[in-house]
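See below for model-v1.cif, which holds mmCIF, C-alpha atoms.
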```cif
data_start
#
loop_
_atom_site.label_atom_id
_atom_site.label_comp_id
_atom_site.auth_asym_id
_atom_site.auth_seq_id
_atom_site.Cartn_x
_atom_site.Cartn_y
_atom_site.Cartn_z
CA MET A 862 -12.12 -39.34 1.00
CA LYS A 863 -14.46 -37.95 3.62
CA LEU A 864 -14.03 -40.76 6.17
CA LEU A 865 -10.25 -40.34 6.26
CA GLU A 866 -10.41 -36.54 6.40
CA GLU A 867 -12.81 -36.70 9.33
CA ARG A 868 -10.52 -39.11 11.13
CA ILE A 869 -7.51 -36.86 10.54
CA LEU A 870 -9.43 -33.87 11.91
CA ARG A 871 -10.43 -35.88 14.98
CA ASP A 872 -7.22 -37.73 15.83
CA ALA A 873 -4.19 -36.37 13.98
CA VAL A 874 -1.76 -34.01 15.69
CA VAL A 875 0.03 -31.24 13.80
CA LYS A 876 3.61 -30.70 14.95
CA ALA A 877 6.22 -28.13 14.01
CA GLY A 878 8.36 -28.83 10.95
CA GLY A 879 5.56 -30.16 8.77
CA VAL A 880 5.02 -33.28 10.87
CA LEU A 881 1.53 -34.80 10.96
CA LYS A 882 1.16 -37.48 13.63
CA VAL A 883 -1.38 -40.13 12.63
CA ASP A 884 0.05 -42.86 14.81
CA SER A 885 -3.11 -43.49 16.82
CA PHE A 886 -4.94 -44.94 13.80
CA LEU A 887 -2.64 -45.36 10.79
CA ASN A 888 1.01 -46.17 11.42
CA HIS A 889 1.80 -47.26 14.98
CA GLN A 890 -1.59 -48.29 16.33
CA ILE A 891 -3.73 -49.36 13.38
CA ASP A 892 -7.51 -49.06 13.12
CA ILE A 893 -8.13 -52.11 10.94
CA PRO A 894 -11.75 -51.33 9.87
CA LEU A 895 -10.59 -47.87 8.71
CA VAL A 896 -7.78 -49.46 6.71
CA TRP A 897 -10.29 -51.82 5.05
CA GLU A 898 -12.28 -48.76 3.93
CA LEU A 899 -9.14 -47.20 2.43
CA ALA A 900 -8.34 -50.46 0.63
CA ARG A 901 -11.87 -50.64 -0.84
CA GLU A 902 -11.56 -47.04 -2.05
CA TRP A 903 -8.30 -47.83 -3.89
CA LYS A 904 -9.92 -50.93 -5.35
CA ARG A 905 -12.65 -48.70 -6.80
CA ARG A 906 -10.19 -46.08 -8.07
CA PHE A 907 -7.85 -48.61 -9.68
CA ALA A 908 -10.62 -50.88 -10.99
CA ASP A 909 -9.59 -50.17 -14.60
CA VAL A 910 -5.99 -51.40 -14.35
CA PRO A 911 -4.55 -54.90 -13.89
CA VAL A 912 -2.71 -55.29 -10.57
CA SER A 913 -0.60 -58.38 -9.92
CA LYS A 914 1.36 -57.20 -6.88
CA ILE A 915 1.26 -54.63 -4.08
CA LEU A 916 4.62 -53.07 -3.22
CA THR A 917 5.47 -50.98 -0.17
CA VAL A 918 8.46 -50.30 2.04
CA GLU A 919 8.86 -51.23 5.69
CA ALA A 920 7.56 -50.43 8.14
CA SER A 921 4.76 -47.91 8.47
CA GLY A 922 3.08 -48.68 5.13
CA VAL A 923 3.00 -52.43 5.71
CA PRO A 924 -0.33 -52.79 7.58
CA LEU A 925 -2.07 -50.69 4.94
CA ALA A 926 -0.42 -52.55 2.05
CA THR A 927 -1.29 -55.93 3.61
CA ILE A 928 -5.01 -55.15 3.67
CA VAL A 929 -4.83 -53.67 0.16
CA ALA A 930 -3.18 -56.88 -1.10
CA SER A 931 -5.99 -58.88 0.50
CA GLU A 932 -8.63 -56.63 -1.10
CA PHE A 933 -6.99 -56.94 -4.56
CA GLY A 934 -6.35 -60.68 -4.13
CA VAL A 935 -2.65 -60.43 -4.97
CA PRO A 936 0.65 -60.96 -3.10
CA LEU A 937 2.30 -58.23 -1.06
CA VAL A 938 6.00 -57.45 -1.37
CA PHE A 939 7.57 -55.10 1.11
CA ALA A 940 11.00 -53.62 0.51
CA LYS A 941 13.46 -53.97 3.37
CA LYS A 942 15.47 -51.10 4.75
CA THR A 943 18.20 -53.19 6.35
CA LYS A 944 20.29 -55.85 4.71
CA SER A 945 19.79 -58.82 7.02
CA ILE A 946 21.67 -62.10 6.75
CA ASN A 947 18.42 -63.54 5.43
CA LEU A 948 18.67 -61.53 2.21
CA SER A 949 20.67 -63.29 -0.47
CA GLY A 950 22.94 -61.56 -2.96
CA THR A 951 20.50 -61.05 -5.81
CA VAL A 952 18.69 -57.91 -4.74
CA TYR A 953 17.67 -54.55 -6.16
CA VAL A 954 18.93 -51.71 -3.99
CA ALA A 955 17.84 -48.06 -4.24
CA GLU A 956 19.25 -45.22 -2.16
CA VAL A 957 16.64 -42.99 -0.51
CA LYS A 958 16.55 -40.01 1.77
CA SER A 959 14.16 -40.18 4.69
CA TYR A 960 11.97 -37.34 5.79
CA THR A 961 11.51 -38.57 9.35
CA LEU A 962 14.96 -40.05 9.99
CA ASP A 963 18.12 -38.04 9.79
CA LYS A 964 20.22 -40.29 7.62
CA PRO A 965 19.92 -41.69 4.09
CA SER A 966 18.85 -45.29 3.83
CA GLN A 967 18.36 -48.06 1.30
CA VAL A 968 15.32 -49.92 0.09
CA ILE A 969 16.01 -53.50 -0.91
CA VAL A 970 13.92 -56.08 -2.78
CA GLU A 971 15.01 -59.57 -3.82
CA LYS A 972 15.01 -59.73 -7.61
CA ARG A 973 12.84 -62.82 -7.85
CA PHE A 974 9.88 -61.01 -6.23
CA ILE A 975 9.47 -58.31 -8.91
CA SER A 976 9.49 -59.38 -12.55
CA PRO A 977 8.76 -57.88 -16.00
CA ASP A 978 5.39 -59.67 -15.87
CA ASP A 979 4.31 -57.69 -12.83
CA HIS A 980 1.74 -54.90 -12.76
CA VAL A 981 2.56 -53.11 -9.55
CA LEU A 982 0.49 -50.88 -7.30
CA LEU A 983 2.62 -48.94 -4.83
CA ILE A 984 1.04 -48.22 -1.43
CA ASP A 985 2.25 -46.00 1.39
CA ASP A 986 0.77 -44.23 4.38
CA LEU A 987 2.25 -40.76 3.86
CA LEU A 988 3.68 -38.86 0.90
CA SER A 989 5.90 -35.86 1.63
CA ASN A 990 8.92 -35.50 -0.62
CA GLY A 991 8.36 -38.88 -2.22
CA CYS A 992 11.74 -40.32 -1.24
CA ALA A 993 10.51 -43.79 -0.34
CA ILE A 994 8.20 -43.98 -3.37
CA ASN A 995 11.04 -42.91 -5.66
CA GLY A 996 13.16 -45.73 -4.30
CA LEU A 997 10.38 -48.23 -5.06
CA LEU A 998 9.93 -46.76 -8.57
CA GLN A 999 13.67 -47.21 -9.26
CA ILE A 1000 13.36 -50.86 -8.27
CA CYS A 1001 10.30 -51.41 -10.50
CA GLU A 1002 12.10 -49.77 -13.42
CA ARG A 1003 15.17 -51.95 -13.01
CA ALA A 1004 12.95 -55.02 -12.75
CA GLY A 1005 11.06 -54.02 -15.91
CA ALA A 1006 7.77 -54.14 -14.01
CA GLN A 1007 4.82 -51.95 -15.02
CA VAL A 1008 3.79 -49.42 -12.33
CA GLU A 1009 0.01 -49.12 -12.60
CA GLY A 1010 -0.37 -46.52 -9.91
CA ILE A 1011 0.51 -45.16 -6.51
CA GLY A 1012 -1.95 -45.22 -3.62
CA ILE A 1013 -1.23 -42.86 -0.75
CA ALA A 1014 -3.36 -42.49 2.36
CA ILE A 1015 -2.30 -38.95 3.24
CA GLU A 1016 -0.42 -36.65 0.88
CA LYS A 1017 1.16 -33.47 2.16
CA GLY A 1018 0.14 -31.19 -0.68
CA PHE A 1019 2.47 -28.44 0.54
CA GLN A 1020 5.48 -30.66 -0.14
CA PRO A 1021 6.58 -31.52 -3.67
CA GLY A 1022 6.42 -35.34 -3.75
CA GLY A 1023 2.93 -35.77 -5.22
CA GLU A 1024 3.31 -32.96 -7.75
CA GLU A 1025 6.59 -34.35 -9.05
CA LEU A 1026 5.23 -37.87 -9.42
CA ARG A 1027 2.18 -36.64 -11.37
CA ALA A 1028 4.43 -34.49 -13.59
CA ARG A 1029 6.38 -37.64 -14.43
CA GLY A 1030 3.14 -39.27 -15.58
CA TYR A 1031 2.37 -41.48 -12.59
CA ARG A 1032 -1.19 -41.92 -11.47
CA VAL A 1033 -1.23 -40.97 -7.79
CA GLU A 1034 -4.43 -41.61 -5.84
CA SER A 1035 -4.14 -39.88 -2.47
CA LEU A 1036 -7.16 -40.42 -0.24
CA ALA A 1037 -6.58 -37.18 1.67
CA VAL A 1038 -4.42 -34.24 0.56
CA VAL A 1039 -3.41 -31.79 3.26
CA ASP A 1040 -2.76 -28.40 1.68
CA GLU A 1041 -2.12 -26.46 4.86
CA MET A 1042 -1.61 -27.25 8.51
CA ASN A 1043 -0.83 -25.04 11.45
CA PRO A 1044 1.09 -26.40 14.44
CA ASP A 1045 -0.01 -23.47 16.62
CA THR A 1046 -3.76 -23.80 16.10
CA GLY A 1047 -3.86 -27.43 14.93
CA ASP A 1048 -5.89 -26.32 11.89
CA ILE A 1049 -5.75 -28.59 8.83
CA THR A 1050 -6.98 -27.61 5.36
CA PHE A 1051 -7.69 -30.34 2.82
CA ARG A 1052 -7.59 -30.00 -0.96
CA GLU A 1053 -11.06 -30.00 -2.51
CA MET B 323 -0.43 -76.99 11.21
CA LYS B 324 -0.29 -79.18 8.14
CA LEU B 325 -0.82 -76.40 5.58
CA LEU B 326 2.11 -74.37 6.89
CA GLU B 327 4.40 -77.41 7.23
CA GLU B 328 3.68 -78.37 3.63
CA ARG B 329 4.41 -74.86 2.46
CA ILE B 330 7.70 -74.80 4.39
CA LEU B 331 8.72 -78.12 2.83
CA ARG B 332 7.87 -76.79 -0.63
CA ASP B 333 9.26 -73.26 -0.52
CA ALA B 334 11.54 -72.65 2.46
CA VAL B 335 15.31 -72.75 2.05
CA VAL B 336 17.62 -74.01 4.79
CA LYS B 337 20.86 -72.06 5.07
CA ALA B 338 23.94 -72.55 7.22
CA GLY B 339 23.91 -71.07 10.73
CA GLY B 340 20.34 -72.06 11.56
CA VAL B 341 18.77 -69.71 9.01
CA LEU B 342 15.43 -70.70 7.48
CA LYS B 343 14.45 -68.51 4.54
CA VAL B 344 10.69 -68.18 4.21
CA ASP B 345 10.76 -64.92 2.34
CA SER B 346 8.87 -66.12 -0.73
CA PHE B 347 5.63 -66.54 1.23
CA LEU B 348 5.90 -65.19 4.78
CA ASN B 349 8.17 -62.21 5.39
CA HIS B 350 9.29 -60.42 2.23
CA GLN B 351 6.76 -61.54 -0.37
CA ILE B 352 3.56 -62.43 1.46
CA ASP B 353 1.03 -65.06 0.40
CA ILE B 354 -2.08 -63.37 1.79
CA PRO B 355 -4.50 -66.36 1.60
CA LEU B 356 -1.96 -68.46 3.53
CA VAL B 357 -1.70 -65.75 6.18
CA TRP B 358 -5.50 -65.71 6.52
CA GLU B 359 -5.39 -69.45 7.24
CA LEU B 360 -2.76 -68.89 9.95
CA ALA B 361 -4.87 -66.11 11.47
CA ARG B 362 -7.97 -68.36 11.55
CA GLU B 363 -5.94 -71.09 13.25
CA TRP B 364 -4.81 -68.70 16.01
CA LYS B 365 -8.39 -67.50 16.38
CA ARG B 366 -9.42 -71.13 17.04
CA ARG B 367 -6.54 -71.77 19.43
CA PHE B 368 -7.05 -68.58 21.43
CA ALA B 369 -10.87 -68.73 21.34
CA ASP B 370 -11.00 -69.09 25.15
CA VAL B 371 -9.16 -65.87 26.04
CA PRO B 372 -10.15 -62.22 25.67
CA VAL B 373 -7.94 -60.35 23.20
CA SER B 374 -8.15 -56.56 22.94
CA LYS B 375 -4.97 -55.86 20.99
CA ILE B 376 -2.45 -57.53 18.70
CA LEU B 377 1.17 -56.54 19.31
CA THR B 378 4.16 -57.23 17.06
CA VAL B 379 7.44 -55.59 16.17
CA GLU B 380 8.43 -54.15 12.81
CA ALA B 381 8.91 -55.27 10.20
CA SER B 382 8.63 -58.90 9.21
CA GLY B 383 5.82 -59.81 11.59
CA VAL B 384 3.63 -56.88 10.56
CA PRO B 385 1.74 -58.43 7.60
CA LEU B 386 0.90 -61.48 9.70
CA ALA B 387 -0.14 -59.39 12.71
CA THR B 388 -2.29 -57.12 10.52
CA ILE B 389 -4.39 -60.03 9.23
CA VAL B 390 -4.58 -61.51 12.74
CA ALA B 391 -5.88 -58.18 14.08
CA SER B 392 -8.51 -58.17 11.34
CA GLU B 393 -9.52 -61.75 12.18
CA PHE B 394 -9.79 -60.94 15.91
CA GLY B 395 -11.55 -57.61 15.24
CA VAL B 396 -9.09 -55.60 17.38
CA PRO B 397 -6.46 -52.91 16.74
CA LEU B 398 -2.89 -53.71 15.81
CA VAL B 399 0.06 -52.06 17.51
CA PHE B 400 3.50 -52.59 16.08
CA ALA B 401 6.61 -51.65 18.05
CA LYS B 402 9.13 -49.48 16.23
CA LYS B 403 12.81 -50.27 16.05
CA THR B 404 13.97 -46.75 15.26
CA LYS B 405 13.17 -43.62 17.16
CA SER B 406 11.73 -41.37 14.45
CA ILE B 407 10.97 -37.69 14.96
CA ASN B 408 7.32 -38.75 14.82
CA LEU B 409 7.61 -40.55 18.17
CA SER B 410 6.95 -38.31 21.13
CA GLY B 411 8.73 -38.55 24.47
CA THR B 412 6.35 -40.84 26.31
CA VAL B 413 7.42 -44.25 25.09
CA TYR B 414 8.30 -47.66 26.48
CA VAL B 415 11.72 -48.79 25.28
CA ALA B 416 13.14 -52.31 25.62
CA GLU B 417 16.63 -53.35 24.55
CA VAL B 418 16.79 -56.49 22.41
CA LYS B 419 19.39 -58.54 20.66
CA SER B 420 18.66 -59.52 17.08
CA TYR B 421 19.31 -62.94 15.63
CA THR B 422 19.48 -61.79 12.01
CA LEU B 423 21.17 -58.41 12.47
CA ASP B 424 24.56 -58.04 14.05
CA LYS B 425 23.84 -55.26 16.51
CA PRO B 426 21.50 -54.84 19.48
CA SER B 427 18.42 -52.77 18.86
CA GLN B 428 15.48 -51.27 20.68
CA VAL B 429 11.77 -51.88 20.47
CA ILE B 430 9.67 -48.82 21.17
CA VAL B 431 5.93 -48.38 21.82
CA GLU B 432 4.15 -45.15 22.70
CA LYS B 433 2.72 -45.51 26.19
CA ARG B 434 -0.82 -44.50 25.23
CA PHE B 435 -1.18 -47.55 22.92
CA ILE B 436 -0.73 -50.23 25.61
CA SER B 437 -2.67 -49.86 28.85
CA PRO B 438 -3.48 -51.91 31.97
CA ASP B 439 -6.90 -52.61 30.41
CA ASP B 440 -5.34 -54.42 27.47
CA HIS B 441 -5.37 -58.17 26.87
CA VAL B 442 -2.54 -58.60 24.42
CA LEU B 443 -1.80 -61.33 21.90
CA LEU B 444 1.79 -61.18 20.63
CA ILE B 445 2.33 -62.27 17.01
CA ASP B 446 5.56 -62.87 15.12
CA ASP B 447 6.69 -64.77 12.06
CA LEU B 448 9.69 -66.57 13.53
CA LEU B 449 10.83 -67.55 17.02
CA SER B 450 14.49 -68.39 17.53
CA ASN B 451 16.01 -67.08 20.74
CA GLY B 452 12.96 -65.02 21.56
CA CYS B 453 14.77 -61.69 21.69
CA ALA B 454 12.08 -59.66 19.96
CA ILE B 455 9.27 -61.33 21.93
CA ASN B 456 11.11 -60.70 25.18
CA GLY B 457 11.30 -57.01 24.30
CA LEU B 458 7.54 -56.93 23.70
CA LEU B 459 6.90 -58.80 26.97
CA GLN B 460 8.97 -56.22 28.89
CA ILE B 461 6.85 -53.48 27.37
CA CYS B 462 3.57 -55.23 28.28
CA GLU B 463 4.82 -55.77 31.83
CA ARG B 464 5.75 -52.11 32.25
CA ALA B 465 2.37 -51.10 30.82
CA GLY B 466 0.56 -53.45 33.21
CA ALA B 467 -1.15 -55.15 30.27
CA GLN B 468 -2.19 -58.81 30.43
CA VAL B 469 -0.38 -61.05 27.93
CA GLU B 470 -2.92 -63.67 26.86
CA GLY B 471 -0.62 -65.58 24.57
CA ILE B 472 2.06 -65.62 21.93
CA GLY B 473 1.32 -66.72 18.36
CA ILE B 474 4.33 -67.73 16.27
CA ALA B 475 4.17 -68.93 12.69
CA ILE B 476 7.44 -70.90 12.71
CA GLU B 477 9.33 -71.80 15.88
CA LYS B 478 12.87 -73.11 15.65
CA GLY B 479 12.57 -75.87 18.22
CA PHE B 480 16.34 -76.39 18.27
CA GLN B 481 16.81 -72.89 19.69
CA PRO B 482 15.79 -72.00 23.26
CA GLY B 483 13.26 -69.16 22.75
CA GLY B 484 10.04 -71.19 22.81
CA GLU B 485 11.15 -73.46 25.65
CA GLU B 486 12.12 -70.51 27.85
CA LEU B 487 8.85 -68.68 27.24
CA ARG B 488 6.80 -71.79 28.11
CA ALA B 489 8.93 -72.33 31.25
CA ARG B 490 8.01 -68.80 32.33
CA GLY B 491 4.34 -69.71 31.99
CA TYR B 492 3.48 -68.10 28.70
CA ARG B 493 1.12 -69.82 26.33
CA VAL B 494 3.00 -70.11 23.04
CA GLU B 495 1.08 -71.35 20.01
CA SER B 496 3.55 -72.06 17.22
CA LEU B 497 1.89 -73.25 14.01
CA ALA B 498 4.99 -75.14 12.90
CA VAL B 499 7.92 -76.21 15.07
CA VAL B 500 11.11 -77.11 13.24
CA ASP B 501 13.12 -79.54 15.39
CA GLU B 502 15.90 -80.19 12.93
CA MET B 503 17.05 -78.79 9.63
CA ASN B 504 20.03 -79.64 7.47
CA PRO B 505 21.59 -76.99 5.22
CA ASP B 506 23.42 -79.66 3.19
CA THR B 507 20.42 -81.80 2.29
CA GLY B 508 17.66 -79.23 2.85
CA ASP B 509 15.85 -81.73 5.08
CA ILE B 510 13.46 -80.31 7.67
CA THR B 511 11.97 -82.27 10.57
CA PHE B 512 8.88 -80.94 12.32
CA ARG B 513 7.84 -81.64 15.91
CA GLU B 514 4.85 -84.00 16.10
#
```
In structure tokens, write the structure found in this file.
Amino acid sequence: MKLLEERILRDAVVKAGGVLKVDSFLNHQIDIPLVWELAREWKRRFADVPVSKILTVEASGVPLATIVASEFGVPLVFAKKTKSINLSGTVYVAEVKSYTLDKPSQVIVEKRFISPDDHVLLIDDLLSNGCAINGLLQICERAGAQVEGIGIAIEKGFQPGGEELRARGYRVESLAVVDEMNPDTGDITFRE
Amino acid sequence: MKLLEERILRDAVVKAGGVLKVDSFLNHQIDIPLVWELAREWKRRFADVPVSKILTVEASGVPLATIVASEFGVPLVFAKKTKSINLSGTVYVAEVKSYTLDKPSQVIVEKRFISPDDHVLLIDDLLSNGCAINGLLQICERAGAQVEGIGIAIEKGFQPGGEELRARGYRVESLAVVDEMNPDTGDITFRE
């Protein structure tokens, strides 16, 4: 998606260790009109499938997923990473590794919010190794929900997450795929 | 706000220890059309002040704050609770206690996203003791930003957060104020 690629070229910062900082417009400070454009693009790309629920994981994918849920006209569910006293006992829990934090974590969804009747679209801001998405997929599988697709704003094409998900038969719609990035020059190469 | 009070009476669950579960519509599964109504109500109530940025803290206030930012036509900034490798060194950090988690935590905002030019509206789903909001206020003060108001979906009027903020001169617009709730009967009494 041209608009997103242009924004990445303008405002993203490439750091050592495969880190792409997009926090000025996507996941710390959020450019809402940009996010509406991303949501409309996913609506076009997933126009042929029924979607009854948007699922993401806290916290950085939540603004994106909120606008996508509004665009699709369906509820949003976001998985929690911490078991608060407000979560009751009947939850799905999946263990996940995190790419940006140094310890493993959990993603948690109350069972009553994902059911076998649901047609789920997963949304996240970044896809690297796919750890968070895999946690959400485990939860959907246990719930018996149908995963209709996975919408990613920025996929790191040089990491295996996207490839592995497609090999398993999932439809992954990434709006920008970064194939190469250079922390010394700041150069970013997108997949055609 | 009648619509929100009715929804609380229908779907919220009162638990022991002053816990009000609103996770089926407000902070785990999100009813997006309801959240749009809340956003429009805050837009009416804060129509007389300039707002340049919406500020909240991850994670449960983020869906709400995202729609509010869209309604106001301004960017959203959400404070992080965990220092990820994606955060650079130049951040504001405030220490906060959490009502629903058992340990103190931090709220963190990169300095370049809150400036002295900003007129900030703080948004959160629940107000109990005001710990999270106080963390955000500390950050705005250090940044030299003007806090124009605080929008809360549900204030627990039997806890001191709202009272203390108003006593300090902040304009707090809570769309529902719960004055009493009974975990045995499930009864909820709203402030007139």
Q) Taking all atoms listed in the file into account, what are the residues of chain B at most 9 Å from chain A, put as a PyMOL selection string? A) chain B and resi 337+341-343+345-347+349-355+380-382+384-389+391-392+395-402+404-409+422-424+431-432+434-435
Skipping near chain neighbours, those fewer than 6 positions away, what residues fall within 8 Å of Ala993 (chain A) using all atoms listed in the file, listed as a PDB file with C-alpha atoms, keeping the file's coordinate frame?
```
ATOM      1  CA  VAL A 918       8.460 -50.300   2.040  1.00  0.00           C
ATOM      2  CA  VAL A 957      16.640 -42.990  -0.510  1.00  0.00           C
ATOM      3  CA  LYS A 958      16.550 -40.010   1.770  1.00  0.00           C
ATOM      4  CA  SER A 959      14.160 -40.180   4.690  1.00  0.00           C
ATOM      5  CA  VAL A 968      15.320 -49.920   0.090  1.00  0.00           C
TER       6      VAL A 968
END
```
**Q.** CA of Val390 (chain B) to CA of Pro372 (chain B), distance in Å rounded to a single decimal
**A.** 14.1 Å
(Q) On this structure, the PyMOL selection byres ((chain B and resi 479) around 8) would catch which residues? List them as a list in words, sorted by chain and number. (A)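 Here the PyMOL selection byres ((chain B and resi 479) around 8) matches Ser450, Glu477, Lys478, Phe480, Gln481, Pro482, Gly484, Glu485, Val499, Val500, Asp501, Glu502 and Arg513 of chain B.
For the atom pair formed by CA of His980 (chain A) and CA of Ala475 (chain B), the distance is 29.2 Å, given to one decimal.
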Q) CA of Ala334 (chain B) and CA of Asn504 (chain B), how far apart in Å? A)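 Separation of CA of Asn504 (chain B) and CA of Ala334 (chain B): 12.1 Å.
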Q | Residue neighbourhood Asp1045 (chain A), 12 Å, only C-alpha atoms, exclusion window fewer than 2 positions, as JSON, numbers by chain | A | {"A": [874, 875, 876, 877, 878, 879, 1042, 1043, 1047, 1048, 1049]}
Applying 7 Å and only C-alpha atoms, which residues near region 457-462 of chain B remain after dropping the ones on its own chain fewer than 3 positions away? List them as a PDB file with C-alpha atoms, in the frame of the given file.
```
ATOM      1  CA  TYR B 414       8.300 -47.660  26.480  1.00  0.00           C
ATOM      2  CA  ALA B 416      13.140 -52.310  25.620  1.00  0.00           C
ATOM      3  CA  GLU B 417      16.630 -53.350  24.550  1.00  0.00           C
ATOM      4  CA  VAL B 418      16.790 -56.490  22.410  1.00  0.00           C
ATOM      5  CA  VAL B 429      11.770 -51.880  20.470  1.00  0.00           C
ATOM      6  CA  CYS B 453      14.770 -61.690  21.690  1.00  0.00           C
ATOM      7  CA  ALA B 454      12.080 -59.660  19.960  1.00  0.00           C
ATOM      8  CA  ALA B 465       2.370 -51.100  30.820  1.00  0.00           C
ATOM      9  CA  GLY B 466       0.560 -53.450  33.210  1.00  0.00           C
ATOM     10  CA  ALA B 467      -1.150 -55.150  30.270  1.00  0.00           C
TER      11      ALA B 467
END
```
Assuming 8 Å of padding per side, give the centre and edge lengths of the axis-aligned box around every listed atom of region 390-397 of chain B, in Å to one decimal and as AutoDock Vina command-line options.
```
--center_x -8.1 --center_y -57.3 --center_z 14.4 --size_x 23.0 --size_y 24.8 --size_z 22.0
```
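Compared by their closest atoms to Phe907 (chain A), and using only C-alpha atoms, the residues A:Gly1010, A:Pro977, A:Gly991, A:Pro965 rank with A:Gly1010 nearest.
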